[in-house]
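structure38.tsv (TSV, C-alpha atoms)
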chain	number	residue	atom	x	y	z
A	385	MET	CA	-76.97	13.46	-8.10
A	386	SER	CA	-74.38	11.43	-6.24
A	387	LYS	CA	-70.73	11.96	-7.04
A	388	PRO	CA	-68.95	9.56	-9.39
A	389	LYS	CA	-66.94	6.95	-7.51
A	390	LEU	CA	-63.23	6.49	-8.15
A	391	ALA	CA	-60.96	3.55	-7.34
A	392	TYR	CA	-57.20	3.34	-7.76
A	393	TYR	CA	-54.93	0.34	-7.40
A	394	LEU	CA	-51.15	0.15	-7.60
A	395	ALA	CA	-50.00	-3.33	-8.63
A	396	GLY	CA	-46.44	-4.06	-9.81
A	397	GLY	CA	-45.32	-0.48	-10.05
A	398	CYS	CA	-43.29	2.14	-8.23
A	399	ALA	CA	-46.05	4.61	-7.22
A	400	GLY	CA	-44.66	7.16	-9.66
A	401	CYS	CA	-48.11	7.19	-11.27
A	402	ASP	CA	-49.72	7.78	-7.88
A	403	ILE	CA	-47.39	10.73	-7.41
A	404	SER	CA	-48.35	11.97	-10.88
A	405	MET	CA	-51.97	11.92	-9.78
A	406	VAL	CA	-51.12	13.87	-6.63
A	407	ASP	CA	-49.05	16.25	-8.78
A	408	LEU	CA	-52.31	17.43	-10.35
A	409	ALA	CA	-52.09	19.69	-7.31
A	410	ASP	CA	-54.40	22.69	-7.85
A	411	TYR	CA	-56.58	20.73	-10.25
A	412	LEU	CA	-56.67	17.77	-7.84
A	413	VAL	CA	-58.70	19.88	-5.42
A	414	ASP	CA	-61.41	20.23	-8.08
A	415	VAL	CA	-61.23	16.51	-8.84
A	416	LEU	CA	-61.46	15.44	-5.22
A	417	THR	CA	-64.50	17.63	-4.59
A	418	ALA	CA	-66.17	16.23	-7.72
A	419	VAL	CA	-65.62	12.52	-7.00
A	420	GLU	CA	-65.84	10.09	-4.13
A	421	VAL	CA	-62.65	8.05	-3.66
A	422	VAL	CA	-63.73	4.56	-2.53
A	423	PHE	CA	-60.37	2.80	-2.85
A	424	PHE	CA	-56.80	4.02	-3.34
A	425	ALA	CA	-54.43	1.29	-2.26
A	426	PRO	CA	-51.87	0.92	-0.99
A	427	THR	CA	-50.67	4.52	-1.15
A	428	LEU	CA	-53.37	6.97	-0.13
A	429	VAL	CA	-56.52	5.52	1.45
A	430	ASP	CA	-56.91	3.00	4.30
A	431	VAL	CA	-59.51	0.76	2.65
A	432	LYS	CA	-58.41	-2.92	2.71
A	433	TYR	CA	-58.85	-5.47	-0.08
A	434	GLU	CA	-61.64	-7.35	1.67
A	435	ASP	CA	-63.67	-4.16	2.16
A	436	PHE	CA	-63.28	-3.19	-1.49
A	437	GLU	CA	-64.29	-6.71	-2.55
A	438	LYS	CA	-67.57	-6.34	-0.64
A	439	LEU	CA	-68.72	-3.48	-2.89
A	440	PRO	CA	-71.36	-4.49	-5.47
A	441	ASP	CA	-70.04	-5.24	-8.97
A	442	GLY	CA	-70.20	-2.24	-11.32
A	443	SER	CA	-70.67	0.18	-8.43
A	444	VAL	CA	-67.51	2.20	-9.10
A	445	ASP	CA	-67.55	4.60	-12.04
A	446	VAL	CA	-63.85	4.85	-12.86
A	447	GLY	CA	-60.95	2.62	-11.90
A	448	PHE	CA	-57.29	3.48	-12.41
A	449	PHE	CA	-54.89	0.52	-12.43
A	450	SER	CA	-51.19	1.33	-12.33
A	451	GLY	CA	-48.27	-1.08	-12.43
A	452	ASN	CA	-48.02	-4.37	-14.25
A	453	VAL	CA	-49.40	-7.74	-13.19
A	454	ARG	CA	-46.48	-9.60	-11.63
A	455	ASN	CA	-48.02	-11.98	-9.09
A	456	LYS	CA	-51.25	-13.75	-8.19
A	457	GLU	CA	-52.38	-10.93	-5.89
A	458	HIS	CA	-52.06	-8.35	-8.70
A	459	GLU	CA	-53.96	-10.75	-10.95
A	460	HIS	CA	-56.72	-11.18	-8.39
A	461	MET	CA	-56.98	-7.43	-7.83
A	462	ALA	CA	-57.05	-6.79	-11.59
A	463	LYS	CA	-60.13	-9.01	-11.77
A	464	VAL	CA	-61.69	-7.33	-8.73
A	465	MET	CA	-61.07	-3.88	-10.24
A	466	ARG	CA	-62.63	-5.05	-13.53
A	467	ASP	CA	-65.71	-6.36	-11.70
A	468	LYS	CA	-66.22	-3.24	-9.58
A	469	CYS	CA	-65.42	-0.53	-12.14
A	470	LYS	CA	-67.60	0.50	-15.07
A	471	ILE	CA	-64.58	2.10	-16.75
A	472	LEU	CA	-61.16	0.56	-16.19
A	473	ILE	CA	-58.08	2.54	-17.17
A	474	ALA	CA	-54.57	1.14	-17.60
A	475	PHE	CA	-52.73	4.02	-15.98
A	476	GLY	CA	-49.08	4.55	-16.83
A	477	ILE	CA	-46.87	2.52	-19.11
A	478	CYS	CA	-46.46	-0.50	-16.77
A	479	ALA	CA	-50.20	-1.20	-16.81
A	480	CYS	CA	-50.40	-0.42	-20.56
A	481	THR	CA	-47.51	-2.48	-21.91
A	482	GLY	CA	-45.60	-3.92	-18.94
A	483	GLY	CA	-43.09	-1.15	-18.21
A	484	ILE	CA	-39.44	-1.40	-17.24
A	485	LYS	CA	-40.35	-4.01	-14.66
A	486	GLY	CA	-41.54	-6.15	-17.57
A	487	LEU	CA	-37.87	-6.79	-18.43
A	488	VAL	CA	-38.01	-9.57	-15.83
A	489	ASN	CA	-39.58	-11.68	-18.57
A	490	LEU	CA	-36.11	-12.09	-20.07
A	491	PHE	CA	-35.30	-14.48	-17.23
A	492	GLU	CA	-36.76	-17.42	-15.35
A	493	THR	CA	-38.20	-16.50	-11.94
A	494	GLU	CA	-35.86	-18.98	-10.17
A	495	GLU	CA	-32.82	-17.34	-11.75
A	496	ILE	CA	-33.93	-13.89	-10.58
A	497	LEU	CA	-34.67	-15.12	-7.04
A	498	GLU	CA	-31.25	-16.80	-6.82
A	499	LYS	CA	-29.58	-13.59	-7.96
A	500	VAL	CA	-31.47	-11.31	-5.61
A	501	TYR	CA	-31.52	-13.41	-2.44
A	502	LYS	CA	-28.22	-15.29	-2.70
A	503	GLU	CA	-25.70	-13.80	-5.11
A	504	THR	CA	-25.85	-10.04	-4.63
A	505	ALA	CA	-23.13	-8.47	-2.50
A	506	SER	CA	-25.69	-7.22	0.00
A	507	ALA	CA	-27.53	-10.55	0.40
A	508	ASP	CA	-27.35	-11.74	4.02
A	509	ASN	CA	-28.85	-15.20	3.71
A	510	PRO	CA	-26.54	-17.91	5.15
A	511	ASP	CA	-29.24	-20.60	4.94
A	512	GLY	CA	-30.00	-19.78	1.29
A	513	VAL	CA	-33.73	-19.34	1.91
A	514	LEU	CA	-35.83	-18.18	-1.05
A	515	PRO	CA	-39.34	-16.74	-0.76
A	516	SER	CA	-42.09	-19.29	-1.32
A	517	PRO	CA	-45.87	-18.91	-1.58
A	518	LYS	CA	-46.42	-20.86	1.64
A	519	VAL	CA	-44.21	-21.11	4.68
A	520	VAL	CA	-44.72	-22.46	8.20
A	521	VAL	CA	-42.70	-20.71	10.91
A	522	ASP	CA	-41.87	-22.59	14.16
A	523	GLY	CA	-44.03	-25.47	12.99
A	524	LYS	CA	-47.32	-23.63	13.57
A	525	TYR	CA	-47.52	-20.15	12.05
A	526	GLU	CA	-48.70	-20.46	8.46
A	527	LEU	CA	-47.84	-17.50	6.24
A	528	GLU	CA	-48.60	-16.89	2.60
A	529	LEU	CA	-47.07	-14.83	-0.18
A	530	PRO	CA	-48.63	-14.30	-3.62
A	531	GLU	CA	-47.03	-16.56	-6.23
A	532	LEU	CA	-44.89	-14.76	-8.82
A	533	THR	CA	-45.90	-14.90	-12.47
A	534	PRO	CA	-44.22	-13.48	-15.58
A	535	ALA	CA	-44.96	-9.75	-15.87
A	536	ARG	CA	-48.07	-8.92	-17.88
A	537	ALA	CA	-49.81	-5.78	-19.03
A	538	LEU	CA	-53.29	-5.24	-17.58
A	539	ASP	CA	-55.05	-6.11	-20.85
A	540	GLN	CA	-53.36	-9.51	-20.84
A	541	VAL	CA	-55.42	-10.30	-17.73
A	542	VAL	CA	-58.70	-8.38	-18.04
A	543	GLU	CA	-60.43	-6.18	-20.60
A	544	VAL	CA	-59.23	-2.57	-20.49
A	545	ASP	CA	-61.34	0.42	-21.53
A	546	TYR	CA	-58.69	3.14	-21.86
A	547	TYR	CA	-54.94	3.53	-21.75
A	548	ILE	CA	-52.87	6.41	-20.42
A	549	GLY	CA	-49.15	6.03	-21.16
A	550	GLY	CA	-46.09	7.68	-19.70
A	551	CYS	CA	-43.55	6.81	-17.07
A	552	PRO	CA	-45.13	8.49	-15.30
A	553	PRO	CA	-48.10	10.23	-17.00
A	554	HIS	CA	-47.48	13.95	-17.32
A	555	TYR	CA	-49.40	16.83	-15.79
A	556	GLU	CA	-51.09	18.40	-18.80
A	557	PRO	CA	-52.28	15.25	-20.62
A	558	LEU	CA	-53.36	13.73	-17.31
A	559	ARG	CA	-55.36	16.82	-16.41
A	560	LYS	CA	-57.07	16.64	-19.81
A	561	ALA	CA	-57.75	12.93	-19.40
A	562	VAL	CA	-59.28	13.37	-15.95
A	563	SER	CA	-61.46	16.28	-17.09
A	564	ALA	CA	-62.58	14.23	-20.13
A	565	LEU	CA	-63.55	11.47	-17.71
A	566	LEU	CA	-65.47	13.83	-15.44
A	567	GLU	CA	-67.30	15.34	-18.41
A	568	GLY	CA	-67.95	11.94	-19.99
A	569	ASN	CA	-66.24	13.24	-23.10
A	570	LEU	CA	-64.38	10.04	-23.96
A	571	PRO	CA	-62.86	8.56	-27.12
A	572	PRO	CA	-63.99	5.13	-28.39
A	573	LYS	CA	-63.46	2.23	-25.99
A	574	GLY	CA	-60.02	0.67	-26.22
A	575	SER	CA	-58.33	4.00	-27.09
A	576	TRP	CA	-55.30	5.61	-25.60
A	577	ILE	CA	-56.23	8.91	-23.99
A	578	THR	CA	-53.48	11.01	-25.51
A	579	GLY	CA	-52.71	14.22	-27.34
A	580	GLY	CA	-52.14	12.04	-30.41
A	581	HIS	CA	-48.71	13.41	-31.36
A	582	ALA	CA	-45.44	11.52	-31.66
A	583	VAL	CA	-42.47	12.74	-29.62
A	584	CYS	CA	-40.93	14.05	-32.89
A	585	ASP	CA	-44.04	16.18	-33.46
A	586	VAL	CA	-43.40	18.07	-30.26
A	587	CYS	CA	-39.59	17.92	-30.31
A	588	PRO	CA	-37.76	21.21	-30.96
A	589	ARG	CA	-34.90	19.23	-32.57
A	590	ASN	CA	-37.12	17.95	-35.40
A	591	PRO	CA	-35.54	19.18	-38.68
A	592	VAL	CA	-38.90	19.10	-40.47
A	593	LYS	CA	-40.19	21.77	-38.10
A	594	LYS	CA	-37.32	23.97	-39.20
A	595	GLY	CA	-38.20	23.47	-42.86
A	596	LYS	CA	-35.36	21.02	-43.44
A	597	LYS	CA	-35.46	17.46	-44.72
A	598	LYS	CA	-34.73	14.47	-42.51
A	599	ARG	CA	-31.40	12.85	-43.23
A	600	SER	CA	-30.60	9.17	-42.90
A	601	VAL	CA	-28.50	7.84	-40.06
A	602	VAL	CA	-24.85	7.35	-41.03
A	603	GLU	CA	-23.41	6.32	-37.66
A	604	VAL	CA	-24.66	4.79	-34.43
A	605	LYS	CA	-23.29	6.09	-31.13
A	606	ARG	CA	-23.83	5.60	-27.40
A	607	VAL	CA	-24.79	8.73	-25.46
A	608	ILE	CA	-21.42	8.50	-23.72
A	609	GLU	CA	-19.64	8.85	-27.06
A	610	GLY	CA	-18.95	12.20	-28.69
A	611	GLU	CA	-20.67	15.45	-27.84
A	612	ILE	CA	-24.45	15.47	-28.10
A	613	PRO	CA	-25.50	18.46	-30.23
A	614	GLU	CA	-28.01	20.76	-28.56
A	615	ASP	CA	-30.26	21.52	-31.49
A	616	LYS	CA	-29.90	18.69	-33.99
A	617	CYS	CA	-32.13	15.64	-34.28
A	618	LEU	CA	-30.66	12.97	-32.00
A	619	LEU	CA	-31.47	10.14	-34.38
A	620	GLU	CA	-29.80	11.94	-37.30
A	621	SER	CA	-26.77	12.51	-35.06
A	622	GLY	CA	-26.49	8.77	-34.46
A	623	TYR	CA	-28.07	8.51	-31.01
A	624	LEU	CA	-30.87	5.99	-31.31
A	625	CYS	CA	-34.01	7.86	-30.30
A	626	LEU	CA	-37.47	6.29	-30.34
A	627	GLY	CA	-39.28	9.60	-30.75
A	628	PRO	CA	-40.76	8.69	-34.16
A	629	VAL	CA	-42.79	5.77	-32.76
A	630	THR	CA	-43.64	7.09	-29.29
A	631	GLN	CA	-46.56	9.18	-28.05
A	632	GLY	CA	-45.33	12.65	-27.21
A	633	ASP	CA	-47.60	13.64	-24.32
A	634	CYS	CA	-44.36	14.29	-22.41
A	635	GLY	CA	-43.56	17.27	-24.68
A	636	ALA	CA	-40.25	15.61	-25.69
A	637	LEU	CA	-38.80	16.04	-22.19
A	638	CYS	CA	-35.86	13.67	-22.71
A	639	PRO	CA	-34.63	14.99	-26.10
A	640	LYS	CA	-34.83	18.51	-24.63
A	641	VAL	CA	-32.20	17.50	-22.07
A	642	ASN	CA	-29.97	15.65	-24.55
A	643	MET	CA	-31.36	12.17	-23.81
A	644	PRO	CA	-32.81	10.06	-26.61
A	645	CYS	CA	-36.39	8.84	-26.17
A	646	ARG	CA	-36.82	5.31	-24.87
A	647	GLY	CA	-40.55	5.02	-25.45
A	648	CYS	CA	-42.25	5.47	-22.08
A	649	GLY	CA	-45.17	7.30	-23.71
A	650	GLY	CA	-46.30	4.10	-25.34
A	651	PRO	CA	-46.95	3.14	-28.96
A	652	LEU	CA	-48.63	5.39	-31.49
A	653	PRO	CA	-52.26	4.40	-32.17
A	654	GLY	CA	-52.54	1.31	-34.35
A	655	THR	CA	-49.21	-0.20	-33.26
A	656	LYS	CA	-49.54	-3.78	-32.09
A	657	ASP	CA	-45.97	-4.40	-31.05
A	658	TYR	CA	-44.01	-1.33	-29.98
A	659	GLY	CA	-40.58	-2.98	-30.19
A	660	LEU	CA	-41.11	-4.24	-33.71
A	661	ALA	CA	-42.40	-0.83	-34.81
A	662	ALA	CA	-39.35	0.81	-33.24
A	663	ILE	CA	-36.76	-1.49	-34.82
A	664	ASN	CA	-38.59	-1.23	-38.14
A	665	THR	CA	-38.52	2.56	-38.05
A	666	ILE	CA	-34.88	2.77	-37.07
A	667	ALA	CA	-33.88	0.20	-39.70
A	668	ALA	CA	-35.67	2.27	-42.33
A	669	VAL	CA	-33.56	5.37	-41.63
A	670	LEU	CA	-30.16	3.65	-41.47
A	671	GLU	CA	-27.85	4.53	-44.34
A	672	ASP	CA	-26.15	1.14	-44.19
A	673	LYS	CA	-27.72	-2.03	-42.82
A	674	ASP	CA	-24.43	-3.04	-41.18
A	675	LEU	CA	-24.96	-0.22	-38.69
A	676	ILE	CA	-27.39	-2.51	-36.93
A	677	GLN	CA	-24.34	-4.41	-35.63
A	678	LYS	CA	-23.63	-1.34	-33.49
A	679	PHE	CA	-26.88	-1.63	-31.56
A	680	LEU	CA	-25.64	-2.55	-28.10
A	681	ASP	CA	-28.68	-4.45	-26.99
A	682	PRO	CA	-31.83	-4.23	-29.10
A	683	VAL	CA	-34.12	-5.71	-26.41
A	684	TYR	CA	-33.14	-3.13	-23.80
A	685	LEU	CA	-33.50	-0.44	-26.44
A	686	VAL	CA	-36.80	-1.15	-28.16
A	687	TYR	CA	-38.61	-3.18	-25.47
A	688	ARG	CA	-37.56	-1.07	-22.50
A	689	TYR	CA	-41.19	-0.45	-21.59
A	690	SER	CA	-43.13	-3.10	-23.48
A	691	LEU	CA	-41.49	-6.53	-23.31
A	692	PRO	CA	-44.57	-8.35	-21.91
A	693	LYS	CA	-46.58	-7.22	-24.95
A	694	THR	CA	-44.14	-8.52	-27.55
A	695	MET	CA	-45.45	-10.95	-30.13
A	696	LEU	CA	-42.03	-12.58	-30.39
A	697	ARG	CA	-42.37	-14.72	-27.30
A	698	LYS	CA	-46.05	-15.42	-27.69
A	699	LEU	CA	-45.40	-19.10	-28.37
A	700	ASP	CA	-43.30	-19.34	-25.23
A	701	GLN	CA	-46.04	-17.82	-23.12
A	702	GLU	CA	-48.69	-20.12	-24.55
A	703	LYS	CA	-46.72	-23.21	-23.50
B	690	MET	CA	-55.34	-19.95	17.42
B	691	GLN	CA	-56.85	-17.00	15.64
B	692	LYS	CA	-55.15	-15.36	12.67
B	693	ILE	CA	-55.73	-11.74	11.66
B	694	GLU	CA	-54.44	-10.42	8.35
B	695	ILE	CA	-54.04	-6.73	7.58
B	696	ASN	CA	-53.73	-6.54	3.80
B	697	PRO	CA	-52.65	-4.28	2.29
B	698	MET	CA	-50.70	-2.06	4.61
B	699	THR	CA	-51.81	1.36	3.47
B	700	ARG	CA	-50.51	4.88	3.04
B	701	LEU	CA	-47.11	3.72	1.90
B	702	GLU	CA	-45.46	2.87	-1.40
B	703	GLY	CA	-45.03	-0.86	-1.91
B	704	HIS	CA	-47.02	-3.86	-0.84
B	705	GLY	CA	-46.84	-5.13	2.71
B	706	LYS	CA	-48.98	-7.42	4.82
B	707	ILE	CA	-49.20	-7.91	8.59
B	708	THR	CA	-50.31	-11.23	10.04
B	709	ILE	CA	-51.17	-11.36	13.74
B	710	PHE	CA	-51.62	-14.65	15.62
B	711	LEU	CA	-53.72	-14.59	18.80
B	712	ASP	CA	-53.52	-17.20	21.56
B	713	GLU	CA	-56.52	-18.98	23.19
B	714	SER	CA	-57.32	-16.03	25.46
B	715	GLY	CA	-57.18	-13.54	22.61
B	716	ASN	CA	-53.82	-11.98	23.37
B	717	VAL	CA	-51.24	-11.37	20.69
B	718	GLU	CA	-48.90	-14.35	20.49
B	719	THR	CA	-46.77	-13.22	17.59
B	720	THR	CA	-46.85	-10.93	14.57
B	721	PHE	CA	-45.29	-11.14	11.12
B	722	PHE	CA	-44.62	-8.42	8.60
B	723	GLN	CA	-44.21	-9.53	4.99
B	724	VAL	CA	-43.18	-7.59	1.93
B	725	MET	CA	-45.02	-8.87	-1.14
B	726	GLU	CA	-43.13	-6.72	-3.59
B	727	PHE	CA	-40.55	-8.40	-5.78
B	728	MET	CA	-39.05	-6.74	-8.82
B	729	GLY	CA	-35.74	-8.26	-9.94
B	730	TYR	CA	-33.69	-5.24	-11.06
B	731	GLU	CA	-30.61	-7.00	-9.68
B	732	ARG	CA	-30.87	-9.50	-12.51
B	733	PHE	CA	-32.21	-7.60	-15.49
B	734	LEU	CA	-29.80	-4.67	-15.12
B	735	ILE	CA	-26.97	-7.08	-15.91
B	736	GLY	CA	-26.30	-6.63	-19.61
B	737	MET	CA	-27.96	-3.23	-19.88
B	738	PRO	CA	-25.67	-0.50	-21.32
B	739	LEU	CA	-24.30	1.46	-18.36
B	740	GLU	CA	-25.52	4.84	-19.57
B	741	GLU	CA	-29.10	3.57	-19.52
B	742	VAL	CA	-28.97	2.44	-15.90
B	743	PRO	CA	-29.55	5.78	-14.09
B	744	ARG	CA	-32.85	6.47	-15.80
B	745	THR	CA	-33.91	2.85	-15.41
B	746	VAL	CA	-33.35	2.46	-11.68
B	747	THR	CA	-35.37	5.58	-10.91
B	748	THR	CA	-38.40	3.35	-11.47
B	749	ILE	CA	-37.57	1.17	-8.46
B	750	CYS	CA	-39.47	3.72	-6.39
B	751	GLY	CA	-41.34	6.65	-7.89
B	752	VAL	CA	-42.15	8.47	-4.66
Show me the file's structure as structure tokens.
Amino acid sequence: MSKPKLAYYLAGGCAGCDISMVDLADYLVDVLTAVEVVFFAPTLVDVKYEDFEKLPDGSVDVGFFSGNVRNKEHEHMAKVMRDKCKILIAFGICACTGGIKGLVNLFETEEILEKVYKETASADNPDGVLPSPKVVVDGKYELELPELTPARALDQVVEVDYYIGGCPPHYEPLRKAVSALLEGNLPPKGSWITGGHAVCDVCPRNPVKKGKKKRSVVEVKRVIEGEIPEDKCLLESGYLCLGPVTQGDCGALCPKVNMPCRGCGGPLPGTKDYGLAAINTIAAVLEDKDLIQKFLDPVYLVYRYSLPKTMLRKLDQEK
Amino acid sequence: MQKIEINPMTRLEGHGKITIFLDESGNVETTFFQVMEFMGYERFLIGMPLEEVPRTVTTICGV
């Protein structure tokens, strides 16, 4: 029997997910001997887009897509990956729900370009040139750049079979996901491949695990205010933590080092809009509704990793 | 004039493209290197609570 074929593409991401894959380390040796890597761009393998595009449709068994879809080239490659791969996995939180880089959707592209290429202290651009999809240099050299689009999650462009959250995905859940793939032992299509626990479930600060009751939130603080207790629930202590609504495949890494969860693990199964679920959950535990005035910036808090998937701007995007 | 595109540049983090222009006799006339990556942290970090910035900017590059 021939080995299953694997493809990997990094779109609008940071390669942290690629590093996570490489961090499988000892287990990676087993994976690499069990599969044939046909495409792993741009980080690991020298195959070019045009060579990958020549493969027959459906000829690759598993495709990992990391990063969000931020320009026309990502969009094109998302479609190519969908055509070539029998199973397509949104790998890491950017591909699943848009990621931190999805926060660009708060602004118009022109405004961001102006800021980056003209207004920053380090910008050295006396002629005020901005990148454009087509440019002709010296009147004869035609060059092209992919056109920017608002950031999108992978499933806003093509159909996705499975989701693996995390920024980046963590060793143990990733190892389990890859072995489930190799064994063909997969959950129903459209599922998140996850341990299925919320961050609170795996958090040592959770009062319920110590036989205590959860208390409501009586104050809201920034992490730079007061002293963060080492063993109390962060949310109860007033530090807005999104552990209750976030998948805990990370093992509650952030709360363990005194940092409240920001939701990189992705939504719990059944959640359509992570940000709305988060604000709903936090609102439900507040002692006094006026405490909501102390939220510094709700968008940066609850949509840190999932702005492109919000339902709130759906009308805007449809225009 | 012949145009050769190398896309993507591989074995690195980030998206780059090389375009080579050849003259009539097939020699390299000129070459361009383009970075296709554009994120926009410079803009969306403005307004973010300061204490959230360190763990946000670590996602500019994950290598």
Grab the CA of Pro517 in chain A to CA of Gln723 in chain B distance for me, in Å with one decimal place. 11.6 Å
Mind listing as an mmCIF file with C-alpha atoms, in the coordinates of the input which residues of chain A are within 7 Å of chain B, counting all atoms listed in the file?
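Listing of iface03.cif after writing:
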data_model
loop_
_atom_site.group_PDB
_atom_site.id
_atom_site.type_symbol
_atom_site.label_atom_id
_atom_site.label_comp_id
_atom_site.auth_asym_id
_atom_site.auth_seq_id
_atom_site.Cartn_x
_atom_site.Cartn_y
_atom_site.Cartn_z
ATOM 1 C CA CYS A 398 -43.290 2.140 -8.230
ATOM 2 C CA ALA A 399 -46.050 4.610 -7.220
ATOM 3 C CA GLY A 400 -44.660 7.160 -9.660
ATOM 4 C CA ILE A 403 -47.390 10.730 -7.410
ATOM 5 C CA ALA A 425 -54.430 1.290 -2.260
ATOM 6 C CA PRO A 426 -51.870 0.920 -0.990
ATOM 7 C CA THR A 427 -50.670 4.520 -1.150
ATOM 8 C CA LEU A 428 -53.370 6.970 -0.130
ATOM 9 C CA VAL A 429 -56.520 5.520 1.450
ATOM 10 C CA ASP A 430 -56.910 3.000 4.300
ATOM 11 C CA LYS A 432 -58.410 -2.920 2.710
ATOM 12 C CA TYR A 433 -58.850 -5.470 -0.080
ATOM 13 C CA LYS A 485 -40.350 -4.010 -14.660
ATOM 14 C CA LEU A 487 -37.870 -6.790 -18.430
ATOM 15 C CA VAL A 488 -38.010 -9.570 -15.830
ATOM 16 C CA ILE A 496 -33.930 -13.890 -10.580
ATOM 17 C CA LYS A 499 -29.580 -13.590 -7.960
ATOM 18 C CA VAL A 500 -31.470 -11.310 -5.610
ATOM 19 C CA LEU A 529 -47.070 -14.830 -0.180
ATOM 20 C CA PRO A 530 -48.630 -14.300 -3.620
ATOM 21 C CA ILE A 608 -21.420 8.500 -23.720
ATOM 22 C CA TYR A 684 -33.140 -3.130 -23.800
#
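Taking CA of Asp445 in chain A as the reference point, CA of His460 in chain A is found at 19.5 Å.
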How far is it from CA of Thr630 in chain A to CA of Pro571 in chain A, in Å with one decimal? 19.4 Å
Return as JSON the box centre and box size in Å, one decimal, for an axis-aligned box around all listed atoms of range 582-590 of chain A padded by 8 Å per side.
{"center_x": -40.2, "center_y": 16.4, "center_z": -32.5, "size_x": 26.5, "size_y": 25.7, "size_z": 21.8}
Can you pull out the residues contacting Val453 in chain A? Cut-off 6 Å, using only C-alpha atoms, and skip same-chain residues under 2 positions away; I want them as a VMD selection string. chain A and resid 396 458 to 459 535 to 536
Give me the residues within 12 Å of Thr417 in chain A as a list in words, counting all atoms listed in the file and dropping any in the same chain fewer than 3 places off. Ser386, Lys387, Pro388, Lys389, Leu390, Asp410, Tyr411, Leu412, Val413, Asp414, Glu420, Val421 and Leu566 of chain A
Completed range 597-612 of chain A (N, CA and C atoms) as a PDB file, in the frame of the given file:
ATOM      1  N   LYS A 597     -35.114  18.855 -44.486  1.00  0.00           N
ATOM      2  CA  LYS A 597     -35.460  17.460 -44.720  1.00  0.00           C
ATOM      3  C   LYS A 597     -34.767  16.577 -43.686  1.00  0.00           C
ATOM      4  N   LYS A 598     -35.393  15.427 -43.414  1.00  0.00           N
ATOM      5  CA  LYS A 598     -34.730  14.470 -42.510  1.00  0.00           C
ATOM      6  C   LYS A 598     -33.627  13.769 -43.265  1.00  0.00           C
ATOM      7  N   ARG A 599     -32.501  13.567 -42.604  1.00  0.00           N
ATOM      8  CA  ARG A 599     -31.400  12.850 -43.230  1.00  0.00           C
ATOM      9  C   ARG A 599     -31.307  11.445 -42.660  1.00  0.00           C
ATOM     10  N   SER A 600     -30.713  10.526 -43.429  1.00  0.00           N
ATOM     11  CA  SER A 600     -30.600   9.170 -42.900  1.00  0.00           C
ATOM     12  C   SER A 600     -29.454   9.097 -41.888  1.00  0.00           C
ATOM     13  N   VAL A 601     -29.457   8.008 -41.149  1.00  0.00           N
ATOM     14  CA  VAL A 601     -28.500   7.840 -40.060  1.00  0.00           C
ATOM     15  C   VAL A 601     -27.229   7.198 -40.597  1.00  0.00           C
ATOM     16  N   VAL A 602     -26.095   7.869 -40.454  1.00  0.00           N
ATOM     17  CA  VAL A 602     -24.850   7.350 -41.030  1.00  0.00           C
ATOM     18  C   VAL A 602     -23.915   6.739 -39.981  1.00  0.00           C
ATOM     19  N   GLU A 603     -24.212   6.962 -38.712  1.00  0.00           N
ATOM     20  CA  GLU A 603     -23.410   6.320 -37.660  1.00  0.00           C
ATOM     21  C   GLU A 603     -24.302   6.070 -36.451  1.00  0.00           C
ATOM     22  N   VAL A 604     -23.903   5.106 -35.642  1.00  0.00           N
ATOM     23  CA  VAL A 604     -24.660   4.790 -34.430  1.00  0.00           C
ATOM     24  C   VAL A 604     -23.722   4.961 -33.238  1.00  0.00           C
ATOM     25  N   LYS A 605     -24.164   5.800 -32.277  1.00  0.00           N
ATOM     26  CA  LYS A 605     -23.290   6.090 -31.130  1.00  0.00           C
ATOM     27  C   LYS A 605     -24.031   5.876 -29.816  1.00  0.00           C
ATOM     28  N   ARG A 606     -23.261   5.620 -28.753  1.00  0.00           N
ATOM     29  CA  ARG A 606     -23.830   5.600 -27.400  1.00  0.00           C
ATOM     30  C   ARG A 606     -23.856   7.044 -26.892  1.00  0.00           C
ATOM     31  N   VAL A 607     -24.732   7.337 -25.950  1.00  0.00           N
ATOM     32  CA  VAL A 607     -24.790   8.730 -25.460  1.00  0.00           C
ATOM     33  C   VAL A 607     -23.518   9.140 -24.726  1.00  0.00           C
ATOM     34  N   ILE A 608     -22.682   8.138 -24.381  1.00  0.00           N
ATOM     35  CA  ILE A 608     -21.420   8.500 -23.720  1.00  0.00           C
ATOM     36  C   ILE A 608     -20.307   8.754 -24.738  1.00  0.00           C
ATOM     37  N   GLU A 609     -20.644   8.618 -26.018  1.00  0.00           N
ATOM     38  CA  GLU A 609     -19.640   8.850 -27.060  1.00  0.00           C
ATOM     39  C   GLU A 609     -19.897  10.189 -27.753  1.00  0.00           C
ATOM     40  N   GLY A 610     -18.835  10.937 -27.968  1.00  0.00           N
ATOM     41  CA  GLY A 610     -18.950  12.200 -28.690  1.00  0.00           C
ATOM     42  C   GLY A 610     -19.716  13.245 -27.891  1.00  0.00           C
ATOM     43  N   GLU A 611     -19.931  14.382 -28.515  1.00  0.00           N
ATOM     44  CA  GLU A 611     -20.670  15.450 -27.840  1.00  0.00           C
ATOM     45  C   GLU A 611     -22.068  15.525 -28.439  1.00  0.00           C
ATOM     46  N   ILE A 612     -23.078  15.457 -27.597  1.00  0.00           N
ATOM     47  CA  ILE A 612     -24.450  15.470 -28.100  1.00  0.00           C
ATOM     48  C   ILE A 612     -24.811  16.901 -28.513  1.00  0.00           C
TER      49      ILE A 612
END
